$ cat final24.cif   # mmCIF, N, CA and C atoms
data_structure
#
loop_
_atom_site.label_atom_id
_atom_site.label_comp_id
_atom_site.auth_asym_id
_atom_site.auth_seq_id
_atom_site.Cartn_x
_atom_site.Cartn_y
_atom_site.Cartn_z
N MET A 1 -9.00 -8.84 76.16
CA MET A 1 -7.81 -8.00 76.18
C MET A 1 -8.20 -6.63 75.61
N SER A 2 -7.67 -5.61 76.16
CA SER A 2 -8.00 -4.27 75.69
C SER A 2 -6.75 -3.60 75.11
N VAL A 3 -7.01 -2.54 74.39
CA VAL A 3 -5.94 -1.78 73.78
C VAL A 3 -5.71 -0.53 74.61
N LYS A 4 -4.46 -0.26 74.98
CA LYS A 4 -4.15 0.91 75.79
C LYS A 4 -3.76 2.06 74.86
N CYS A 5 -4.36 3.21 75.10
CA CYS A 5 -4.11 4.39 74.27
C CYS A 5 -2.71 4.93 74.57
N PRO A 6 -1.90 5.19 73.54
CA PRO A 6 -0.57 5.75 73.79
C PRO A 6 -0.61 7.21 74.22
N ALA A 7 -1.70 7.91 73.93
CA ALA A 7 -1.78 9.33 74.27
C ALA A 7 -2.24 9.56 75.71
N CYS A 8 -3.33 8.87 76.13
CA CYS A 8 -3.90 9.15 77.45
C CYS A 8 -3.84 7.96 78.40
N GLY A 9 -3.59 6.75 77.89
CA GLY A 9 -3.50 5.58 78.75
C GLY A 9 -4.83 4.91 79.02
N PHE A 10 -5.90 5.33 78.40
CA PHE A 10 -7.22 4.76 78.60
C PHE A 10 -7.30 3.39 77.92
N ASP A 11 -7.98 2.44 78.55
CA ASP A 11 -8.15 1.10 77.96
C ASP A 11 -9.41 1.08 77.11
N SER A 12 -9.23 0.79 75.82
CA SER A 12 -10.35 0.68 74.89
C SER A 12 -10.50 -0.78 74.49
N PRO A 13 -11.71 -1.18 74.03
CA PRO A 13 -11.90 -2.59 73.66
C PRO A 13 -11.07 -2.96 72.43
N ASP A 14 -10.82 -4.28 72.29
CA ASP A 14 -10.06 -4.77 71.14
C ASP A 14 -10.76 -4.42 69.84
N GLY A 15 -9.99 -4.13 68.82
CA GLY A 15 -10.53 -3.83 67.51
C GLY A 15 -10.93 -2.37 67.34
N ALA A 16 -10.78 -1.56 68.38
CA ALA A 16 -11.13 -0.15 68.27
C ALA A 16 -10.08 0.58 67.45
N LEU A 17 -10.55 1.48 66.61
CA LEU A 17 -9.63 2.26 65.79
C LEU A 17 -9.22 3.55 66.48
N PHE A 18 -10.07 4.03 67.41
CA PHE A 18 -9.82 5.27 68.12
C PHE A 18 -9.97 5.02 69.62
N CYS A 19 -9.32 5.84 70.41
CA CYS A 19 -9.47 5.78 71.86
C CYS A 19 -10.87 6.25 72.22
N ASP A 20 -11.53 5.54 73.13
CA ASP A 20 -12.88 5.92 73.54
C ASP A 20 -12.89 7.20 74.37
N PHE A 21 -11.77 7.55 74.97
CA PHE A 21 -11.73 8.72 75.83
C PHE A 21 -11.27 9.98 75.08
N CYS A 22 -10.09 9.91 74.45
CA CYS A 22 -9.53 11.12 73.83
C CYS A 22 -9.67 11.13 72.31
N LYS A 23 -10.22 10.07 71.73
CA LYS A 23 -10.47 9.95 70.28
C LYS A 23 -9.18 9.98 69.45
N GLU A 24 -8.06 9.65 70.05
CA GLU A 24 -6.79 9.58 69.33
C GLU A 24 -6.77 8.28 68.52
N PRO A 25 -6.41 8.34 67.24
CA PRO A 25 -6.36 7.11 66.44
C PRO A 25 -5.21 6.22 66.91
N PHE A 26 -5.47 4.91 66.91
CA PHE A 26 -4.44 3.97 67.34
C PHE A 26 -3.39 3.75 66.27
N LYS A 27 -3.81 3.72 65.03
CA LYS A 27 -2.87 3.51 63.93
C LYS A 27 -2.77 4.80 63.15
N LYS A 28 -1.64 5.46 63.27
CA LYS A 28 -1.43 6.70 62.54
C LYS A 28 -0.69 6.39 61.26
N LYS A 29 -1.14 7.04 60.20
CA LYS A 29 -0.45 6.88 58.93
C LYS A 29 0.75 7.81 58.91
N ALA A 30 1.88 7.26 58.53
CA ALA A 30 3.09 8.06 58.44
C ALA A 30 3.00 8.94 57.19
N PRO A 31 3.46 10.18 57.29
CA PRO A 31 3.42 11.03 56.10
C PRO A 31 4.31 10.45 55.01
N ALA A 32 3.83 10.58 53.80
CA ALA A 32 4.59 10.04 52.67
C ALA A 32 5.88 10.81 52.51
N LYS A 33 6.95 10.09 52.34
CA LYS A 33 8.25 10.71 52.17
C LYS A 33 8.45 11.03 50.69
N VAL A 34 8.83 12.25 50.46
CA VAL A 34 9.08 12.68 49.09
C VAL A 34 10.58 12.57 48.84
N SER A 35 10.91 11.75 47.88
CA SER A 35 12.33 11.62 47.56
C SER A 35 12.63 12.48 46.34
N ASP A 36 13.71 13.16 46.41
CA ASP A 36 14.13 13.99 45.29
C ASP A 36 14.84 13.11 44.26
N SER A 37 14.09 12.72 43.28
CA SER A 37 14.68 11.90 42.23
C SER A 37 15.48 12.80 41.29
N GLU A 38 16.08 12.18 40.32
CA GLU A 38 16.87 12.94 39.36
C GLU A 38 15.98 13.92 38.57
N ALA A 39 14.76 13.51 38.25
CA ALA A 39 13.86 14.37 37.49
C ALA A 39 13.48 15.61 38.31
N VAL A 40 13.26 15.43 39.60
CA VAL A 40 12.90 16.55 40.45
C VAL A 40 14.09 17.51 40.57
N GLN A 41 15.26 16.95 40.74
CA GLN A 41 16.47 17.79 40.82
C GLN A 41 16.66 18.59 39.54
N GLU A 42 16.36 17.96 38.41
CA GLU A 42 16.50 18.64 37.12
C GLU A 42 15.49 19.78 36.99
N LEU A 43 14.26 19.54 37.46
CA LEU A 43 13.24 20.59 37.40
C LEU A 43 13.57 21.76 38.32
N LYS A 44 14.20 21.48 39.45
CA LYS A 44 14.56 22.56 40.37
C LYS A 44 15.59 23.49 39.77
N LYS A 45 16.39 22.98 38.86
CA LYS A 45 17.44 23.79 38.24
C LYS A 45 16.90 24.70 37.14
N LEU A 46 15.71 24.39 36.62
CA LEU A 46 15.17 25.16 35.50
C LEU A 46 14.64 26.52 35.96
N PRO A 47 14.71 27.53 35.09
CA PRO A 47 14.11 28.82 35.43
C PRO A 47 12.58 28.72 35.37
N PRO A 48 11.86 29.65 36.05
CA PRO A 48 10.39 29.58 36.09
C PRO A 48 9.74 29.62 34.71
N GLU A 49 10.32 30.37 33.78
CA GLU A 49 9.73 30.46 32.44
C GLU A 49 9.70 29.08 31.77
N GLU A 50 10.76 28.32 31.97
CA GLU A 50 10.83 26.98 31.37
C GLU A 50 9.86 26.02 32.06
N LEU A 51 9.69 26.18 33.37
CA LEU A 51 8.75 25.32 34.09
C LEU A 51 7.32 25.55 33.61
N ILE A 52 6.95 26.81 33.37
CA ILE A 52 5.60 27.12 32.92
C ILE A 52 5.33 26.49 31.56
N LYS A 53 6.35 26.42 30.71
CA LYS A 53 6.17 25.81 29.39
C LYS A 53 5.88 24.32 29.50
N ARG A 54 6.34 23.69 30.57
CA ARG A 54 6.13 22.25 30.73
C ARG A 54 4.78 21.89 31.36
N VAL A 55 4.09 22.88 31.92
CA VAL A 55 2.78 22.63 32.54
C VAL A 55 1.72 22.63 31.45
N PRO A 56 0.81 21.64 31.46
CA PRO A 56 -0.24 21.60 30.43
C PRO A 56 -1.13 22.85 30.47
N GLU A 57 -1.57 23.27 29.29
CA GLU A 57 -2.40 24.49 29.17
C GLU A 57 -3.71 24.37 29.95
N GLU A 58 -4.32 23.18 29.94
CA GLU A 58 -5.60 23.02 30.64
C GLU A 58 -5.44 23.26 32.14
N LEU A 59 -4.33 22.79 32.70
CA LEU A 59 -4.08 22.98 34.12
C LEU A 59 -3.87 24.46 34.44
N LEU A 60 -3.15 25.16 33.59
CA LEU A 60 -2.94 26.59 33.81
C LEU A 60 -4.25 27.37 33.74
N LYS A 61 -5.11 27.02 32.78
CA LYS A 61 -6.40 27.70 32.67
C LYS A 61 -7.27 27.43 33.89
N GLU A 62 -7.24 26.21 34.39
CA GLU A 62 -8.05 25.85 35.56
C GLU A 62 -7.56 26.60 36.80
N LEU A 63 -6.25 26.70 36.95
CA LEU A 63 -5.69 27.44 38.09
C LEU A 63 -6.03 28.92 37.99
N ALA A 64 -6.02 29.47 36.80
CA ALA A 64 -6.35 30.88 36.62
C ALA A 64 -7.82 31.14 36.96
N LYS A 65 -8.70 30.20 36.65
CA LYS A 65 -10.12 30.36 36.98
C LYS A 65 -10.35 30.36 38.48
N GLU A 66 -9.63 29.50 39.20
CA GLU A 66 -9.82 29.39 40.64
C GLU A 66 -9.34 30.63 41.37
N GLU A 67 -8.33 31.32 40.86
CA GLU A 67 -7.77 32.47 41.54
C GLU A 67 -8.55 33.76 41.29
N GLN A 68 -9.41 33.79 40.30
CA GLN A 68 -10.13 35.01 39.98
C GLN A 68 -11.24 35.25 40.97
N LEU A 69 -11.35 36.48 41.42
CA LEU A 69 -12.43 36.90 42.29
C LEU A 69 -13.53 37.50 41.42
N PRO A 70 -14.77 37.43 41.87
CA PRO A 70 -15.83 38.03 41.07
C PRO A 70 -15.64 39.54 40.98
N LYS A 71 -15.90 40.09 39.82
CA LYS A 71 -15.75 41.53 39.59
C LYS A 71 -17.03 42.23 40.04
N LEU A 72 -16.87 43.26 40.86
CA LEU A 72 -17.99 44.05 41.33
C LEU A 72 -17.93 45.42 40.68
N PRO A 73 -19.07 46.07 40.54
CA PRO A 73 -19.06 47.42 39.98
C PRO A 73 -18.23 48.36 40.86
N PRO A 74 -17.62 49.38 40.28
CA PRO A 74 -16.75 50.27 41.07
C PRO A 74 -17.49 51.04 42.15
N TYR A 75 -18.77 51.28 41.96
CA TYR A 75 -19.53 52.05 42.95
C TYR A 75 -20.02 51.18 44.11
N PHE A 76 -19.81 49.89 44.05
CA PHE A 76 -20.36 48.97 45.05
C PHE A 76 -19.81 49.26 46.45
N ARG A 77 -18.52 49.56 46.55
CA ARG A 77 -17.91 49.82 47.86
C ARG A 77 -18.51 51.07 48.50
N ALA A 78 -18.62 52.14 47.73
CA ALA A 78 -19.20 53.38 48.27
C ALA A 78 -20.66 53.17 48.65
N LEU A 79 -21.38 52.42 47.85
CA LEU A 79 -22.78 52.15 48.13
C LEU A 79 -22.94 51.34 49.42
N SER A 80 -22.07 50.37 49.62
CA SER A 80 -22.17 49.55 50.83
C SER A 80 -21.86 50.38 52.07
N TRP A 81 -20.87 51.29 52.00
CA TRP A 81 -20.57 52.15 53.14
C TRP A 81 -21.73 53.12 53.42
N ALA A 82 -22.35 53.62 52.37
CA ALA A 82 -23.50 54.51 52.56
C ALA A 82 -24.65 53.77 53.22
N PHE A 83 -24.88 52.54 52.82
CA PHE A 83 -25.94 51.72 53.41
C PHE A 83 -25.65 51.45 54.88
N PHE A 84 -24.38 51.15 55.19
CA PHE A 84 -23.98 50.92 56.57
C PHE A 84 -24.18 52.18 57.41
N GLY A 85 -23.77 53.34 56.85
CA GLY A 85 -23.93 54.60 57.57
C GLY A 85 -25.39 54.93 57.83
N LEU A 86 -26.24 54.63 56.86
CA LEU A 86 -27.67 54.86 57.03
C LEU A 86 -28.22 54.06 58.21
N TRP A 87 -27.80 52.81 58.31
CA TRP A 87 -28.27 51.98 59.41
C TRP A 87 -27.74 52.47 60.76
N VAL A 88 -26.52 52.98 60.79
CA VAL A 88 -25.97 53.51 62.03
C VAL A 88 -26.76 54.74 62.47
N VAL A 89 -27.02 55.64 61.54
CA VAL A 89 -27.79 56.86 61.86
C VAL A 89 -29.20 56.48 62.31
N LEU A 90 -29.83 55.56 61.60
CA LEU A 90 -31.17 55.12 61.99
C LEU A 90 -31.17 54.50 63.38
N GLY A 91 -30.16 53.73 63.70
CA GLY A 91 -30.05 53.14 65.04
C GLY A 91 -29.89 54.20 66.11
N MET A 92 -29.09 55.23 65.81
CA MET A 92 -28.91 56.30 66.79
C MET A 92 -30.20 57.07 67.00
N ILE A 93 -30.96 57.31 65.94
CA ILE A 93 -32.25 58.02 66.06
C ILE A 93 -33.22 57.20 66.90
N LEU A 94 -33.30 55.91 66.63
CA LEU A 94 -34.20 55.06 67.41
C LEU A 94 -33.78 54.98 68.87
N ALA A 95 -32.49 54.94 69.14
CA ALA A 95 -32.03 54.92 70.53
C ALA A 95 -32.37 56.22 71.23
N ALA A 96 -32.22 57.35 70.54
CA ALA A 96 -32.57 58.65 71.14
C ALA A 96 -34.06 58.74 71.43
N LEU A 97 -34.89 58.24 70.51
CA LEU A 97 -36.34 58.24 70.75
C LEU A 97 -36.71 57.37 71.94
N ALA A 98 -36.12 56.20 72.02
CA ALA A 98 -36.42 55.31 73.15
C ALA A 98 -35.97 55.94 74.46
N LEU A 99 -34.82 56.59 74.46
CA LEU A 99 -34.32 57.22 75.69
C LEU A 99 -35.20 58.39 76.09
N SER A 100 -35.65 59.19 75.12
CA SER A 100 -36.50 60.33 75.47
C SER A 100 -37.85 59.86 76.00
N ARG A 101 -38.39 58.80 75.45
CA ARG A 101 -39.67 58.27 75.97
C ARG A 101 -39.48 57.70 77.37
N TYR A 102 -38.33 57.07 77.61
CA TYR A 102 -38.06 56.52 78.93
C TYR A 102 -37.95 57.64 79.96
N LYS A 103 -37.25 58.71 79.62
CA LYS A 103 -37.10 59.83 80.56
C LYS A 103 -38.42 60.55 80.79
N ALA A 104 -39.30 60.60 79.77
CA ALA A 104 -40.59 61.26 79.92
C ALA A 104 -41.50 60.48 80.85
N ARG A 105 -41.30 59.16 80.93
CA ARG A 105 -42.18 58.34 81.77
C ARG A 105 -41.73 58.28 83.22
N GLN A 106 -40.55 58.78 83.52
CA GLN A 106 -40.07 58.71 84.89
C GLN A 106 -40.91 59.60 85.80
N VAL A 107 -41.27 59.08 86.92
CA VAL A 107 -42.08 59.81 87.91
C VAL A 107 -41.12 60.37 88.95
N PRO A 108 -41.28 61.64 89.31
CA PRO A 108 -40.39 62.20 90.34
C PRO A 108 -40.62 61.51 91.69
N ALA A 109 -39.58 61.46 92.45
CA ALA A 109 -39.67 60.84 93.77
C ALA A 109 -40.60 61.66 94.65
N PRO A 110 -41.18 61.04 95.66
CA PRO A 110 -42.06 61.79 96.56
C PRO A 110 -41.32 62.96 97.19
N GLY A 111 -41.96 64.09 97.22
CA GLY A 111 -41.37 65.29 97.80
C GLY A 111 -40.75 66.19 96.74
N GLN A 112 -40.56 65.69 95.52
CA GLN A 112 -40.02 66.53 94.46
C GLN A 112 -41.18 67.27 93.79
N ASP A 113 -40.89 68.46 93.37
CA ASP A 113 -41.91 69.25 92.69
C ASP A 113 -42.07 68.75 91.26
N ILE A 114 -43.32 68.73 90.81
CA ILE A 114 -43.62 68.36 89.44
C ILE A 114 -43.68 69.65 88.64
N PRO A 115 -42.88 69.76 87.57
CA PRO A 115 -42.94 71.00 86.78
C PRO A 115 -44.33 71.21 86.19
N LEU A 116 -44.70 72.47 86.09
CA LEU A 116 -46.02 72.78 85.53
C LEU A 116 -46.10 72.33 84.09
N GLY A 117 -47.22 71.81 83.71
CA GLY A 117 -47.44 71.37 82.36
C GLY A 117 -46.97 69.95 82.09
N GLN A 118 -46.39 69.33 83.09
CA GLN A 118 -45.93 67.94 82.92
C GLN A 118 -46.97 67.00 83.52
N PRO A 119 -47.45 66.02 82.76
CA PRO A 119 -48.39 65.07 83.35
C PRO A 119 -47.68 64.14 84.31
N GLN A 120 -48.36 63.77 85.36
CA GLN A 120 -47.77 62.88 86.32
C GLN A 120 -48.27 61.46 86.04
N ILE A 121 -47.38 60.57 85.74
CA ILE A 121 -47.73 59.19 85.42
C ILE A 121 -47.26 58.32 86.57
N ARG A 122 -48.17 57.53 87.05
CA ARG A 122 -47.83 56.64 88.18
C ARG A 122 -47.98 55.21 87.76
#

$ encode --input "final24.cif" --output "C-alpha cells"
Amino acid sequence: MSVKCPACGFDSPDGALFCDFCKEPFKKKAPAKVSDSEAVQELKKLPPEELIKRVPEELLKELAKEEQLPKLPPYFRALSWAFFGLWVVLGMILAALALSRYKARQVPAPGQDIPLGQPQIR
C-alpha cells in the first residue's frame, strides 16, 4: 500500500515522511496555540517601564550585546570610497590603454591609404 501525497497526488511508499516527488511532508506539525492566560493579560496592561523592571538583568545585557554593531573609525567610510574611486579610475585607464592598442593594430582595408609614418601590420 502506498501513501498518496495531499499536495501533488504522487504515490510514495509506506512509511515515507516526505513525498518523493514534491518533498512535501506528510505529517505537518500544527503551530502551537498561544493562549492569553490571566498572567499574560496582566502583563499587557503594564506600562513598558514596569515590564523592563521584570526582565532579568542578564537577559537585558545579552540582548544589548547582540544589537551592537562593531564600531569603525570615523575616517573608514571616506577611505573606502577613496579606495573604490581609485579602482574605478585605474579600470578606466586600463580600458583606454587596451582600446588604443586595439585601434593601433587595425590594418586598413585594401585600397585605403596608409598614413605616412604608420607601420602596416598584417

$ residues_around --input "final24.cif" --residues "Phe26 in chain A" --least-positions-apart "6" --cutoff "6 Å" --atoms "only N, CA and C atoms" --output "list of chain:residue names"
A:Leu17, A:Phe18, A:Cys19

$ atom_distance --input "final24.cif" --atom1 "CA of Asp20 in chain A" --atom2 "atom N of Cys5 in chain A"
9.1 Å

$ atom_distance --input "final24.cif" --atom1 "atom N of Leu43 in chain A" --atom2 "atom N of Val55 in chain A"
12.1 Å

$ atom_distance --input "final24.cif" --atom1 "atom C of Leu59 in chain A" --atom2 "atom C of Gln41 in chain A"
22.0 Å

$ decode --input "final24.cif" --residues "range 60-104 of chain A" --atoms "N, CA and C atoms" --output "tab-separated table (two decimals), in the first residue's frame"
chain	number	residue	atom	x	y	z
A	60	LEU	N	18.75	41.27	29.67
A	60	LEU	CA	18.86	42.60	29.07
A	60	LEU	C	20.28	42.87	28.56
A	61	LYS	N	21.29	42.46	29.34
A	61	LYS	CA	22.67	42.66	28.91
A	61	LYS	C	22.98	41.84	27.66
A	62	GLU	N	22.47	40.63	27.60
A	62	GLU	CA	22.71	39.76	26.44
A	62	GLU	C	22.05	40.34	25.19
A	63	LEU	N	20.84	40.85	25.34
A	63	LEU	CA	20.16	41.47	24.20
A	63	LEU	C	20.88	42.72	23.74
A	64	ALA	N	21.41	43.49	24.66
A	64	ALA	CA	22.15	44.70	24.30
A	64	ALA	C	23.43	44.35	23.54
A	65	LYS	N	24.08	43.25	23.90
A	65	LYS	CA	25.30	42.84	23.21
A	65	LYS	C	25.00	42.43	21.77
A	66	GLU	N	23.89	41.73	21.56
A	66	GLU	CA	23.55	41.25	20.23
A	66	GLU	C	23.20	42.38	19.28
A	67	GLU	N	22.64	43.47	19.79
A	67	GLU	CA	22.21	44.56	18.93
A	67	GLU	C	23.34	45.52	18.57
A	68	GLN	N	24.45	45.47	19.26
A	68	GLN	CA	25.53	46.40	18.99
A	68	GLN	C	26.28	46.02	17.72
A	69	LEU	N	26.55	47.00	16.90
A	69	LEU	CA	27.35	46.81	15.70
A	69	LEU	C	28.79	47.17	16.04
A	70	PRO	N	29.74	46.57	15.35
A	70	PRO	CA	31.13	46.93	15.62
A	70	PRO	C	31.39	48.39	15.28
A	71	LYS	N	32.15	49.06	16.11
A	71	LYS	CA	32.47	50.47	15.89
A	71	LYS	C	33.67	50.57	14.94
A	72	LEU	N	33.52	51.38	13.91
A	72	LEU	CA	34.59	51.61	12.96
A	72	LEU	C	35.11	53.02	13.13
A	73	PRO	N	36.36	53.24	12.77
A	73	PRO	CA	36.90	54.61	12.86
A	73	PRO	C	36.10	55.55	11.96
A	74	PRO	N	36.01	56.83	12.32
A	74	PRO	CA	35.20	57.77	11.53
A	74	PRO	C	35.71	57.97	10.11
A	75	TYR	N	36.99	57.79	9.89
A	75	TYR	CA	37.55	58.00	8.55
A	75	TYR	C	37.38	56.78	7.65
A	76	PHE	N	36.87	55.69	8.16
A	76	PHE	CA	36.79	54.44	7.40
A	76	PHE	C	35.90	54.59	6.17
A	77	ARG	N	34.78	55.29	6.29
A	77	ARG	CA	33.86	55.45	5.17
A	77	ARG	C	34.52	56.23	4.03
A	78	ALA	N	35.16	57.34	4.37
A	78	ALA	CA	35.83	58.15	3.34
A	78	ALA	C	36.97	57.37	2.70
A	79	LEU	N	37.69	56.61	3.50
A	79	LEU	CA	38.79	55.81	2.98
A	79	LEU	C	38.29	54.73	2.02
A	80	SER	N	37.19	54.11	2.36
A	80	SER	CA	36.66	53.06	1.48
A	80	SER	C	36.18	53.64	0.16
A	81	TRP	N	35.55	54.84	0.18
A	81	TRP	CA	35.12	55.47	-1.07
A	81	TRP	C	36.33	55.89	-1.91
A	82	ALA	N	37.38	56.36	-1.26
A	82	ALA	CA	38.59	56.73	-2.00
A	82	ALA	C	39.22	55.51	-2.66
A	83	PHE	N	39.23	54.40	-1.95
A	83	PHE	CA	39.77	53.15	-2.49
A	83	PHE	C	38.95	52.68	-3.69
A	84	PHE	N	37.62	52.78	-3.56
A	84	PHE	CA	36.74	52.40	-4.66
A	84	PHE	C	36.97	53.30	-5.87
A	85	GLY	N	37.09	54.62	-5.63
A	85	GLY	CA	37.33	55.55	-6.72
A	85	GLY	C	38.65	55.29	-7.42
A	86	LEU	N	39.66	54.93	-6.65
A	86	LEU	CA	40.96	54.61	-7.23
A	86	LEU	C	40.86	53.42	-8.19
A	87	TRP	N	40.11	52.41	-7.79
A	87	TRP	CA	39.95	51.25	-8.65
A	87	TRP	C	39.15	51.58	-9.91
A	88	VAL	N	38.17	52.46	-9.79
A	88	VAL	CA	37.40	52.86	-10.97
A	88	VAL	C	38.29	53.61	-11.95
A	89	VAL	N	39.08	54.55	-11.45
A	89	VAL	CA	39.99	55.31	-12.32
A	89	VAL	C	41.01	54.39	-12.95
A	90	LEU	N	41.57	53.48	-12.17
A	90	LEU	CA	42.54	52.53	-12.71
A	90	LEU	C	41.91	51.66	-13.79
A	91	GLY	N	40.69	51.23	-13.60
A	91	GLY	CA	39.99	50.44	-14.61
A	91	GLY	C	39.76	51.22	-15.89
A	92	MET	N	39.41	52.50	-15.74
A	92	MET	CA	39.20	53.33	-16.93
A	92	MET	C	40.51	53.53	-17.69
A	93	ILE	N	41.62	53.72	-16.98
A	93	ILE	CA	42.92	53.89	-17.63
A	93	ILE	C	43.31	52.62	-18.38
A	94	LEU	N	43.13	51.48	-17.74
A	94	LEU	CA	43.46	50.21	-18.41
A	94	LEU	C	42.58	49.97	-19.62
A	95	ALA	N	41.31	50.32	-19.54
A	95	ALA	CA	40.41	50.15	-20.69
A	95	ALA	C	40.84	51.07	-21.83
A	96	ALA	N	41.23	52.30	-21.52
A	96	ALA	CA	41.69	53.23	-22.56
A	96	ALA	C	42.97	52.73	-23.22
A	97	LEU	N	43.89	52.18	-22.42
A	97	LEU	CA	45.13	51.63	-23.00
A	97	LEU	C	44.83	50.45	-23.91
A	98	ALA	N	43.96	49.57	-23.47
A	98	ALA	CA	43.62	48.41	-24.29
A	98	ALA	C	42.95	48.84	-25.58
A	99	LEU	N	42.07	49.83	-25.51
A	99	LEU	CA	41.38	50.30	-26.70
A	99	LEU	C	42.35	50.98	-27.66
A	100	SER	N	43.29	51.76	-27.14
A	100	SER	CA	44.25	52.43	-28.02
A	100	SER	C	45.16	51.42	-28.69
A	101	ARG	N	45.56	50.38	-27.98
A	101	ARG	CA	46.40	49.35	-28.61
A	101	ARG	C	45.62	48.58	-29.66
A	102	TYR	N	44.32	48.36	-29.40
A	102	TYR	CA	43.50	47.65	-30.37
A	102	TYR	C	43.35	48.48	-31.64
A	103	LYS	N	43.11	49.77	-31.50
A	103	LYS	CA	42.96	50.64	-32.68
A	103	LYS	C	44.27	50.78	-33.44
A	104	ALA	N	45.41	50.75	-32.73
A	104	ALA	CA	46.71	50.88	-33.40
A	104	ALA	C	47.01	49.64	-34.23
